[in-house]
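Engineer: Sharing a structure with you now.
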Amino acid sequence: MAAKTESLSSGPVSRSNHVIDQVKRMIASGELRAGDRLPIEKELAAQLGVSRGSLREAVRSLATLGVLETRQGDGTYVTQLDPGSLLRPLEFWAGLQEATQPVDLLAVRRVLETESAGLAAVRLTDAEFDDLEKILSGIDSELASGNLEPEAFIDADAAFHRHIAIASGNPALAALIDTLMTRTLRGRLWRAITERDSLGEAHADHRAILAALRTRDAERARIRMAAHLLGVEVFAAQHPVEGGDQAPESSSG
């Protein structure tokens with residue numbers, strides 16, 4: 001697992017970056033795999049040609065990114081490298097964007113979910129169709145009784161979109177979509193459907209998406225999903241809110 005020693009500038013940041021780059025190279029090449037234990041600190045620092053202080057700084061950075069984990073008294077290990085953990089820093093960035101560029105963030109979500117719907121249309125199993133139907137049937141019952149609460153709808157909405165993203169068969173895409181389903185974005189959906197009194201309309205969109213998915217027509221599914229999310233995006237553009245929107249405390253799914 002030896003790495004080539006590179007000429008480094010004297011700054012500790014550049015040396016830490018060198019370590020990060022080398023660990024990334026080792027993982028990409030297969031020298032390090034998910035779950036592997038790194039060599040002891042002294043040995044690894046010598047291999048990479050850096051001080052132990054620079055190595056520790058790099059390890060802390062990689063741990064923050066979800067690439068490494070340090071186990072007290074047991075050493076440092078490569079994580080399972082699952083997309084959800086590795087993309088977690090994106091959630092922090094998304095939270096910052098929501099305050100200044102919410103429409104841009106909603107547009108990104110629309111692009112990603114449109115593609116996830118197209119992929120899911122040809123990959124959904126019968127069991128997954130049953131799960132989606134169960135989510136929407138629960139909303140059918142509450143709408144019929146007149147007891148549907150907006151927060152219950154938003155929880156169902158998140159579950160519906162998440163199931164489709166997972167069914168796309170692309171873990172990276174599903175993780176990106178899940179990262180963008182932030183509290184503030186859900187708050188914007190809350191505001192859009194309650195101010196327009198459009199719970200029924202939004203639910204009809206979901207029914208149309210499910211119907212399109214059942215046809216196994218990827219393009220039809222993409223069109224239905226894009227139209228659904230475009231409505232929220234347009235509403236957010238027309239109704240900017242200082243400081244963002246807050247979703248109800250109970251809708252945290």
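Please note that chains go A, B, ... in the order of the structure tokens, that every chain numbers its residues from 1, and that ligands are numbered from 1 in the order shown.
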Which residues are close to stretch 37-40 of chain A, i.e. within 7 Å by only C-alpha atoms, leaving aside same-chain residues fewer than 6 positions away? Reply as number ranges by chain.

Structural biologist: A: 75-78

Engineer: Near A:Leu143, counting only C-alpha atoms, which residues have an atom at most 10 Å away, once you skip same-chain residues fewer than 4 positions from it, shown as an MDAnalysis selection string?

Structural biologist: chainID A and resid 137:139 147:149 153 199:200 203

Engineer: Which is closer to A:His239 than all the others in A:Glu69, A:Met26, A:Glu128, A:Pro102, using only C-alpha atoms?

Structural biologist: A:Pro102

Engineer: Which one of A:Val122, A:Leu81, A:Ile164, A:Leu112 sits closest to A:Glu219 if you count only C-alpha atoms?

Structural biologist: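 With only C-alpha atoms as the atom set, the closest residue is A:Val122.
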
Engineer: From a DSSP pass on the backbone, collect the residues of stretch 66-197 of chain A flagged as helix (DSSP H, G or I) and hand them back as a PyMOL selection string.

Structural biologist: chain A and resi 83-86+88-100+102-121+126-145+150-167+171-180+183-195

Engineer: From the list A:Leu210, A:Ala28, A:Leu105, A:Ala46, which residue is nearest A:Leu90 when using only C-alpha atoms?

Structural biologist: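 Among the listed residues, the smallest separation from A:Leu90 belongs to A:Leu105.
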
Engineer: For each of A:Leu173, A:Ile135, A:Ala208, A:Ala144, take the minimum atom-to-atom distance to A:Ala158, counting only C-alpha atoms, then give the residue where this is smallest.

Structural biologist: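 With only C-alpha atoms as the atom set, the closest residue is A:Ile135.
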
Engineer: Quick one: DSSP strand (DSSP E) residues in stretch 16-249 of chain A, as a list in words?

Structural biologist: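 Answer for stretch 16-249 of chain A restricted to strand (DSSP E) is Leu68, Glu69, Thr70, Arg71, Gly75, Thr76, Tyr77 and Val78 of chain A.
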
Engineer: Can you tell me, as a compact mmCIF listing (two decimals) with N, CA, C and O atoms, in the first residue's frame, what residues are no more than 6 Å from A:Ser168 when counting only C-alpha atoms, ignoring any on the same chain fewer than 2 positions away?

Structural biologist:
# COMPACT_ATOMS: atom_id res chain seq x y z
N SER A 116 -34.99 9.99 -11.71
CA SER A 116 -35.25 8.83 -10.86
C SER A 116 -36.58 8.18 -11.22
O SER A 116 -36.71 6.95 -11.19
N LEU A 119 -36.05 6.03 -14.36
CA LEU A 119 -35.36 4.78 -14.05
C LEU A 119 -36.27 3.82 -13.28
O LEU A 119 -36.30 2.61 -13.55
N ALA A 120 -37.04 4.37 -12.33
CA ALA A 120 -37.91 3.53 -11.51
C ALA A 120 -39.01 2.88 -12.35
O ALA A 120 -39.45 1.76 -12.06
N ALA A 165 -37.18 7.17 -5.54
CA ALA A 165 -35.74 7.38 -5.70
C ALA A 165 -34.97 6.08 -5.45
O ALA A 165 -34.06 5.72 -6.19
N ILE A 166 -35.35 5.37 -4.40
CA ILE A 166 -34.68 4.10 -4.09
C ILE A 166 -34.92 3.08 -5.20
O ILE A 166 -34.02 2.33 -5.60
N ASN A 170 -30.34 3.36 -8.40
CA ASN A 170 -29.08 4.11 -8.39
C ASN A 170 -28.88 4.70 -7.00
O ASN A 170 -29.47 5.74 -6.68

Engineer: Just the residues within 8 Å of A:Glu233, please, counting only C-alpha atoms, with nothing from its chain fewer than 6 positions along; format it as an MDAnalysis selection string.

Structural biologist: chainID A and resid 103 106:107

Engineer: Store the residues picked out above, limited to N, CA, C and O atoms, as a PDB file, in the first residue's frame.

Structural biologist:
ATOM      1  N   VAL A 103     -35.009  28.546  -5.194  1.00  0.00           N
ATOM      2  CA  VAL A 103     -35.549  28.112  -6.483  1.00  0.00           C
ATOM      3  C   VAL A 103     -34.511  27.279  -7.228  1.00  0.00           C
ATOM      4  O   VAL A 103     -34.841  26.269  -7.865  1.00  0.00           O
ATOM      5  N   LEU A 106     -34.544  23.853  -5.723  1.00  0.00           N
ATOM      6  CA  LEU A 106     -35.738  23.118  -6.153  1.00  0.00           C
ATOM      7  C   LEU A 106     -35.594  22.640  -7.598  1.00  0.00           C
ATOM      8  O   LEU A 106     -36.057  21.551  -7.951  1.00  0.00           O
ATOM      9  N   ALA A 107     -34.945  23.442  -8.427  1.00  0.00           N
ATOM     10  CA  ALA A 107     -34.723  23.048  -9.824  1.00  0.00           C
ATOM     11  C   ALA A 107     -33.800  21.833  -9.898  1.00  0.00           C
ATOM     12  O   ALA A 107     -34.005  20.932 -10.724  1.00  0.00           O
TER      13      ALA A 107
END

Engineer: Looking at A:Ser198, A:Thr114, A:Gln238, A:Thr125, which one is nearest to A:Arg224, with distances taken over only C-alpha atoms?

Structural biologist: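 For A:Arg224, the nearest of the given residues is A:Thr114.
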
Engineer: Find the residue from A:Ala121, A:Phe160, A:Gly66, A:Asp126 that sits nearest to A:Ala212; use only C-alpha atoms when measuring.

Structural biologist: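 Using only C-alpha atoms, the shortest distance to A:Ala212 belongs to A:Ala121.
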
Engineer: Quick one: distance from atom CA of A:Gly231 to atom CA of A:Ile177 in Å, one decimal?

Structural biologist: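 Straight-line distance from atom CA of A:Gly231 to atom CA of A:Ile177 works out to 17.6 Å.
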